[in-house]
>>> print(open('target_11.txt').read())   # compact mmCIF, C-alpha atoms
# COMPACT_ATOMS: atom_id res chain seq x y z
CA MET H 88 73.17 89.66 136.56
CA LEU H 89 75.17 87.03 134.71
CA THR H 90 74.43 83.45 135.64
CA ARG H 91 77.31 81.44 137.03
CA ALA H 92 77.42 79.42 133.83
CA LEU H 93 77.64 82.50 131.65
CA ALA H 94 80.17 84.13 133.97
CA ALA H 95 82.29 81.01 133.68
CA GLY H 96 81.88 81.14 129.92
CA VAL H 97 82.98 84.77 129.85
CA LEU H 98 86.06 83.91 131.88
CA LEU H 99 86.84 80.94 129.66
CA ALA H 100 86.43 83.00 126.49
CA THR H 101 88.72 85.66 127.93
CA LEU H 102 91.37 83.09 128.78
CA VAL H 103 91.15 81.47 125.36
CA LEU H 104 91.38 84.84 123.68
CA ALA H 105 94.49 85.68 125.68
CA VAL H 106 96.49 82.87 124.08
CA PRO H 107 99.23 84.56 122.00
CA THR H 108 98.88 84.31 118.27
CA ALA H 109 101.31 85.26 115.55
CA ALA H 110 100.32 88.03 113.17
CA THR H 111 100.07 86.58 109.69
CA ALA H 112 99.55 88.06 106.26
CA GLY H 113 96.56 87.09 104.17
CA PRO H 114 93.11 85.99 105.33
CA LEU H 115 92.53 85.33 109.01
CA THR H 116 93.66 82.00 110.37
CA THR H 117 91.01 79.67 111.75
CA GLY H 118 92.10 80.51 115.29
CA GLU H 119 92.03 84.27 114.72
CA ARG H 120 88.57 84.07 113.19
CA GLN H 121 87.21 81.88 115.99
CA ARG H 122 88.56 84.19 118.68
CA LEU H 123 87.16 87.30 117.03
CA VAL H 124 83.72 85.79 116.46
CA ALA H 125 83.60 84.39 120.00
CA HIS H 126 84.43 87.77 121.51
CA LEU H 127 81.88 89.63 119.41
CA GLU H 128 79.17 87.11 120.28
CA MET H 129 80.14 87.19 123.96
CA THR H 130 79.94 90.95 124.33
CA GLU H 131 76.66 91.23 122.44
CA ARG H 132 75.01 88.53 124.54
CA TRP H 133 76.43 89.95 127.75
CA LEU H 134 75.05 93.42 127.00
CA VAL H 135 71.62 91.95 126.22
CA LEU H 136 71.62 90.11 129.56
CA GLU H 137 72.75 93.15 131.53
CA LEU H 138 69.88 95.25 130.15
CA ASP H 139 67.22 92.58 130.34
CA GLY H 140 64.29 93.37 132.62
CA LEU H 141 65.63 96.65 134.01
CA SER H 142 63.13 99.29 135.10
CA ASP H 143 63.28 102.92 134.01
CA ALA H 144 64.56 103.81 137.48
CA GLN H 145 67.39 101.31 137.14
CA LEU H 146 68.23 102.36 133.59
CA THR H 147 68.43 106.06 134.44
CA PHE H 148 70.11 105.83 137.87
CA LYS H 149 73.38 107.77 138.17
CA SER H 150 75.85 107.27 140.99
CA ALA H 151 76.82 110.94 140.63
CA PRO H 152 75.62 113.83 138.45
CA ASP H 153 78.67 113.56 136.20
CA ARG H 154 78.51 109.77 135.81
CA TRP H 155 76.67 107.81 133.16
CA SER H 156 73.52 105.83 133.71
CA ILE H 157 73.05 102.37 132.22
CA LYS H 158 70.92 103.94 129.49
CA ASP H 159 73.77 106.37 128.78
CA VAL H 160 76.21 103.47 128.43
CA ALA H 161 73.91 101.65 126.01
CA GLU H 162 73.51 104.82 123.97
CA HIS H 163 77.26 105.42 123.93
CA LEU H 164 77.84 101.97 122.48
CA ALA H 165 75.16 102.51 119.85
CA ILE H 166 76.83 105.81 118.87
CA ALA H 167 80.46 104.70 119.08
CA GLU H 168 80.42 101.39 117.24
CA PRO H 169 79.17 102.85 113.92
CA GLN H 170 81.99 105.40 114.08
CA TYR H 171 84.57 102.73 114.82
CA TRP H 172 83.17 100.56 112.03
CA THR H 173 83.23 103.40 109.50
CA ASN H 174 86.91 103.92 110.30
CA PHE H 175 87.53 100.18 109.97
CA GLU H 176 85.95 100.15 106.51
CA ALA H 177 87.94 103.21 105.46
CA SER H 178 91.18 101.56 106.58
CA LEU H 179 90.24 98.38 104.72
CA LYS H 180 90.37 100.33 101.46
CA GLU H 181 94.04 101.15 102.01
CA PRO H 182 96.67 98.91 100.36
CA VAL H 183 98.34 96.11 102.26
CA LYS H 184 101.74 97.09 103.68
CA GLY H 185 104.26 94.43 102.76
CA GLY H 186 106.33 93.38 105.74
CA TRP H 187 104.56 95.79 108.10
CA LYS H 188 104.05 94.64 111.68
CA PRO H 189 101.92 96.39 114.30
CA GLU H 190 103.46 97.71 117.49
CA ALA H 191 100.25 96.91 119.37
CA THR H 192 99.47 93.37 120.54
CA ASP H 193 96.29 91.31 120.57
CA GLU H 194 96.74 90.88 124.30
CA GLY H 195 96.84 94.66 124.75
CA MET H 196 93.54 95.01 122.91
CA LEU H 197 91.97 92.37 125.12
CA TRP H 198 93.34 93.87 128.31
CA TYR H 199 91.73 97.19 127.40
CA GLY H 200 88.33 95.55 127.82
CA ILE H 201 89.16 94.20 131.27
CA ASP H 202 91.21 96.91 132.95
CA ARG H 203 89.05 99.75 134.28
CA THR H 204 91.62 101.19 136.63
CA GLU H 205 91.87 104.22 134.34
CA HIS H 206 88.74 106.10 133.27
CA ASN H 207 89.20 108.33 130.24
CA LYS H 208 86.56 110.65 128.85
CA THR H 209 85.25 109.75 125.42
CA GLY H 210 85.32 112.12 122.46
CA ALA H 211 82.49 114.62 122.18
CA ALA H 212 81.09 112.81 119.12
CA ARG H 213 80.48 109.70 121.22
CA VAL H 214 78.89 111.28 124.29
CA PRO H 215 75.29 110.14 124.91
CA ASP H 216 72.98 112.92 123.77
CA GLY H 217 69.49 111.46 124.03
CA ARG H 218 69.13 110.52 120.38
CA PHE H 219 67.68 107.17 121.43
CA SER H 220 64.35 107.37 123.25
CA THR H 221 64.96 104.18 125.20
CA ALA H 222 67.79 101.85 126.12
CA GLN H 223 66.05 99.19 124.03
CA ASP H 224 66.22 101.46 120.97
CA ALA H 225 69.95 101.88 121.55
CA LEU H 226 70.38 98.14 122.01
CA ASP H 227 68.45 97.38 118.83
CA SER H 228 70.68 99.75 116.86
CA PHE H 229 73.79 98.22 118.44
CA ARG H 230 72.70 94.69 117.55
CA LYS H 231 71.81 95.59 113.98
CA LEU H 232 75.38 96.70 113.27
CA ARG H 233 76.76 93.72 115.19
CA ARG H 234 75.06 91.42 112.68
CA THR H 235 77.09 93.09 109.93
CA MET H 236 80.28 92.85 111.97
CA LEU H 237 79.76 89.18 112.69
CA ASP H 238 79.14 88.44 109.04
CA VAL H 239 82.43 90.12 108.13
CA ALA H 240 84.26 88.37 110.96
CA LYS H 241 82.98 84.99 109.78
CA ARG H 242 83.44 85.44 106.04
CA SER H 243 86.03 88.11 105.22
CA GLN H 244 89.05 86.98 103.19
CA ASP H 245 90.73 90.39 103.45
CA ASP H 246 94.20 90.76 104.89
CA LEU H 247 93.46 92.44 108.23
CA ARG H 248 96.98 91.87 109.54
CA GLY H 249 98.71 93.65 106.69
CA ARG H 250 96.73 96.89 107.07
CA SER H 251 97.01 99.45 109.83
CA TYR H 252 94.06 101.17 111.44
CA LEU H 253 94.13 104.76 110.15
CA GLY H 254 97.93 104.65 110.01
CA SER H 255 98.22 103.76 113.70
CA SER H 256 100.27 101.09 115.47
CA GLN H 257 97.32 98.65 115.38
CA ASP H 258 96.46 96.30 112.57
CA LEU H 259 92.85 95.94 111.46
CA TYR H 260 92.37 92.63 113.21
CA GLN H 261 93.38 94.30 116.47
CA TRP H 262 91.01 97.18 115.81
CA PHE H 263 88.21 94.70 115.15
CA LEU H 264 88.98 93.13 118.53
CA MET H 265 89.07 96.59 120.09
CA ILE H 266 85.50 97.29 118.98
CA SER H 267 84.36 94.27 120.96
CA THR H 268 86.64 94.86 123.95
CA HIS H 269 85.42 98.47 124.08
CA ALA H 270 81.92 97.07 124.56
CA GLN H 271 83.23 94.72 127.25
CA ARG H 272 84.80 97.66 129.04
CA HIS H 273 81.46 99.47 129.17
CA ILE H 274 79.55 96.34 130.16
CA LEU H 275 81.82 96.26 133.21
CA GLN H 276 80.86 99.90 133.74
CA ILE H 277 77.22 98.79 133.83
CA ARG H 278 78.13 96.24 136.49
CA GLU H 279 79.74 99.04 138.50
CA VAL H 280 76.52 101.08 138.32
CA LYS H 281 74.54 98.08 139.55
CA ALA H 282 76.97 97.57 142.42
CA ASP H 283 76.25 101.04 143.85
CA PRO H 284 74.45 100.69 147.23
CA ARG H 285 71.86 103.25 146.09
CA TYR H 286 71.05 101.45 142.83
CA PRO H 287 67.25 100.90 142.72
CA LYS H 288 66.12 97.38 143.55
CA LYS H 289 63.40 97.66 140.89
>>> encode(input="target_11.txt", output="C-alpha cells")
Amino acid sequence: MLTRALAAGVLLATLVLAVPTAATAGPLTTGERQRLVAHLEMTERWLVLELDGLSDAQLTFKSAPDRWSIKDVAEHLAIAEPQYWTNFEASLKEPVKGGWKPEATDEGMLWYGIDRTEHNKTGAARVPDGRFSTAQDALDSFRKLRRTMLDVAKRSQDDLRGRSYLGSSQDLYQWFLMISTHAQRHILQIREVKADPRYPKK
C-alpha cells in the first residue's frame, strides 16, 4: 500500500502535470521535460511499491476467472512498454511536420491514466502469456527499459511536438506521456485487485 506521504506526492504530481502547457516546436521546454520525467519516475516507483513483499498467493489471486492477477498486470506492462517504445522510436525517425498541431491534449493523456470507468481489452500481442516466470522478472524487465526512457526524457533534444505518433492525432511528447499514464492506469488496476474482499491477507 502507498504511504500517506507517497499518496500525497502522487496526487501533487498529478495536479502539477495537469497544468496546461502550450505545444511548442523544437526541443522540450524545461516544464515539459520536468513533467515527463516526474511522471515516469512516479509510475515506476509506484509499481515497485505495489509489488513489494507480495506472496505468491497475492500475486496470482484473480477476482474472477477472466480477470487479471497482479502478476498478469506486471507482465502486461513488461510486454506492452517495449512495443510502445518501438513505435515511439519509429515515429521519431519521421520528419518534423511544419505547422502541425495535434488534436489530442496533454490533459487527455493524463486523464487516461486516472479514469478507469471504461475497461477495454488490450491487443492480443500484449496479453500476459506466462513468458515471465515471476512478477519480479517482469518488473526487472520493465525497469530496465524505463532506464532508457528516462535517459531520453532527460536528455533528448528532438522535436517531439512537431512529430505525430504513427500518423495519429497525438504528438510524440503526448505518446511518451501515454506510456507512463498507461502504467498508472494498470497500477490502479492492481489497487482494485487488492481491494477485493477475497484478496489473500498474505
>>> atom_distance(input="target_11.txt", atom1="CA of Phe148 in chain H", atom2="CA of Glu279 in chain H")
11.8 Å
>>> residues_around(input="target_11.txt", residues="range 208-215 of chain H", least_positions_apart="3", cutoff="9 Å", atoms="all atoms listed in the file", output="list in words")
Trp155, Lys158, Asp159, Val160, Ala161, Glu162, His163, Leu164, Ile166, Ala167, Gln170, Arg218 and Phe219 of chain H
>>> atom_distance(input="target_11.txt", atom1="CA of Leu141 in chain H", atom2="CA of Lys231 in chain H")
21.0 Å
>>> residues_around(input="target_11.txt", residues="Met236 in chain H", least_positions_apart="2", cutoff="12 Å", atoms="only C-alpha atoms", output="list of chain:residue names")
H:Leu123, H:Val124, H:His126, H:Leu127, H:Glu128, H:Glu131, H:Glu168, H:Pro169, H:Tyr171, H:Trp172, H:Thr173, H:Phe175, H:Glu176, H:Phe229, H:Arg230, H:Lys231, H:Leu232, H:Arg233, H:Arg234, H:Asp238, H:Val239, H:Ala240, H:Lys241, H:Arg242, H:Ser243, H:Phe263, H:Leu264, H:Ile266, H:Ser267
>>> atom_distance(input="target_11.txt", atom1="CA of Leu253 in chain H", atom2="CA of Ala177 in chain H")
7.9 Å
>>> residues_around(input="target_11.txt", residues="range 187-204 of chain H", least_positions_apart="6", cutoff="7 Å", atoms="all atoms listed in the file", output="VMD selection string")
chain H and resid 105 249 256 to 258 261 264 to 265 268 to 269 271 to 272
>>> closest_residue(input="target_11.txt", among="H:Leu247, H:Ala225, H:Met129, H:Leu138", to="Ile157 in chain H", atoms="all atoms listed in the file")
H:Leu138
>>> closest_residue(input="target_11.txt", among="H:Ala144, H:Ile274, H:Leu115, H:Leu179", to="Tyr286 in chain H", atoms="only C-alpha atoms")
H:Ala144
>>> closest_residue(input="target_11.txt", among="H:Ser150, H:Gln145, H:Ser251, H:Ser220", to="Lys180 in chain H", atoms="only C-alpha atoms")
H:Ser251
>>> build_atoms(input="target_11.txt", residues="range 170-191 of chain H", atoms="N, CA and C atoms", output="PDB file, in the coordinates of the input")
ATOM      1  N   GLN H 170      80.824 104.581 114.396  1.00  0.00           N
ATOM      2  CA  GLN H 170      81.990 105.400 114.080  1.00  0.00           C
ATOM      3  C   GLN H 170      83.242 104.533 113.946  1.00  0.00           C
ATOM      4  N   TYR H 171      83.412 103.621 114.887  1.00  0.00           N
ATOM      5  CA  TYR H 171      84.570 102.730 114.820  1.00  0.00           C
ATOM      6  C   TYR H 171      84.512 101.863 113.564  1.00  0.00           C
ATOM      7  N   TRP H 172      83.317 101.423 113.203  1.00  0.00           N
ATOM      8  CA  TRP H 172      83.170 100.560 112.030  1.00  0.00           C
ATOM      9  C   TRP H 172      83.413 101.335 110.744  1.00  0.00           C
ATOM     10  N   THR H 173      82.962 102.563 110.671  1.00  0.00           N
ATOM     11  CA  THR H 173      83.230 103.400 109.500  1.00  0.00           C
ATOM     12  C   THR H 173      84.735 103.570 109.304  1.00  0.00           C
ATOM     13  N   ASN H 174      85.456 103.783 110.391  1.00  0.00           N
ATOM     14  CA  ASN H 174      86.910 103.920 110.300  1.00  0.00           C
ATOM     15  C   ASN H 174      87.566 102.607 109.889  1.00  0.00           C
ATOM     16  N   PHE H 175      87.023 101.495 110.369  1.00  0.00           N
ATOM     17  CA  PHE H 175      87.530 100.180 109.970  1.00  0.00           C
ATOM     18  C   PHE H 175      87.375 100.003 108.463  1.00  0.00           C
ATOM     19  N   GLU H 176      86.201 100.319 107.942  1.00  0.00           N
ATOM     20  CA  GLU H 176      85.950 100.150 106.510  1.00  0.00           C
ATOM     21  C   GLU H 176      86.828 101.070 105.676  1.00  0.00           C
ATOM     22  N   ALA H 177      87.066 102.284 106.182  1.00  0.00           N
ATOM     23  CA  ALA H 177      87.940 103.210 105.460  1.00  0.00           C
ATOM     24  C   ALA H 177      89.370 102.662 105.417  1.00  0.00           C
ATOM     25  N   SER H 178      89.832 102.113 106.532  1.00  0.00           N
ATOM     26  CA  SER H 178      91.180 101.560 106.580  1.00  0.00           C
ATOM     27  C   SER H 178      91.318 100.326 105.698  1.00  0.00           C
ATOM     28  N   LEU H 179      90.218  99.591 105.538  1.00  0.00           N
ATOM     29  CA  LEU H 179      90.240  98.380 104.720  1.00  0.00           C
ATOM     30  C   LEU H 179      90.472  98.697 103.246  1.00  0.00           C
ATOM     31  N   LYS H 180      90.174  99.917 102.854  1.00  0.00           N
ATOM     32  CA  LYS H 180      90.370 100.330 101.460  1.00  0.00           C
ATOM     33  C   LYS H 180      91.824 100.678 101.160  1.00  0.00           C
ATOM     34  N   GLU H 181      92.624 100.821 102.200  1.00  0.00           N
ATOM     35  CA  GLU H 181      94.040 101.150 102.010  1.00  0.00           C
ATOM     36  C   GLU H 181      94.804  99.902 101.568  1.00  0.00           C
ATOM     37  N   PRO H 182      95.902 100.084 100.823  1.00  0.00           N
ATOM     38  CA  PRO H 182      96.670  98.910 100.360  1.00  0.00           C
ATOM     39  C   PRO H 182      97.356  98.190 101.496  1.00  0.00           C
ATOM     40  N   VAL H 183      97.594  96.915 101.285  1.00  0.00           N
ATOM     41  CA  VAL H 183      98.340  96.110 102.260  1.00  0.00           C
ATOM     42  C   VAL H 183      99.783  96.592 102.299  1.00  0.00           C
ATOM     43  N   LYS H 184     100.349  96.647 103.507  1.00  0.00           N
ATOM     44  CA  LYS H 184     101.740  97.090 103.680  1.00  0.00           C
ATOM     45  C   LYS H 184     102.629  95.857 103.787  1.00  0.00           C
ATOM     46  N   GLY H 185     103.384  95.593 102.759  1.00  0.00           N
ATOM     47  CA  GLY H 185     104.260  94.430 102.760  1.00  0.00           C
ATOM     48  C   GLY H 185     105.295  94.489 103.854  1.00  0.00           C
ATOM     49  N   GLY H 186     105.344  93.458 104.676  1.00  0.00           N
ATOM     50  CA  GLY H 186     106.330  93.380 105.740  1.00  0.00           C
ATOM     51  C   GLY H 186     106.028  94.213 106.965  1.00  0.00           C
ATOM     52  N   TRP H 187     104.908  94.928 106.954  1.00  0.00           N
ATOM     53  CA  TRP H 187     104.560  95.790 108.100  1.00  0.00           C
ATOM     54  C   TRP H 187     104.076  94.947 109.267  1.00  0.00           C
ATOM     55  N   LYS H 188     104.513  95.310 110.465  1.00  0.00           N
ATOM     56  CA  LYS H 188     104.050  94.640 111.680  1.00  0.00           C
ATOM     57  C   LYS H 188     103.550  95.686 112.669  1.00  0.00           C
ATOM     58  N   PRO H 189     102.448  95.415 113.339  1.00  0.00           N
ATOM     59  CA  PRO H 189     101.920  96.390 114.300  1.00  0.00           C
ATOM     60  C   PRO H 189     102.776  96.448 115.568  1.00  0.00           C
ATOM     61  N   GLU H 190     102.799  97.589 116.192  1.00  0.00           N
ATOM     62  CA  GLU H 190     103.460  97.710 117.490  1.00  0.00           C
ATOM     63  C   GLU H 190     102.534  97.225 118.605  1.00  0.00           C
ATOM     64  N   ALA H 191     101.227  97.369 118.392  1.00  0.00           N
ATOM     65  CA  ALA H 191     100.250  96.910 119.370  1.00  0.00           C
ATOM     66  C   ALA H 191     100.202  95.388 119.381  1.00  0.00           C
TER      67      ALA H 191
END
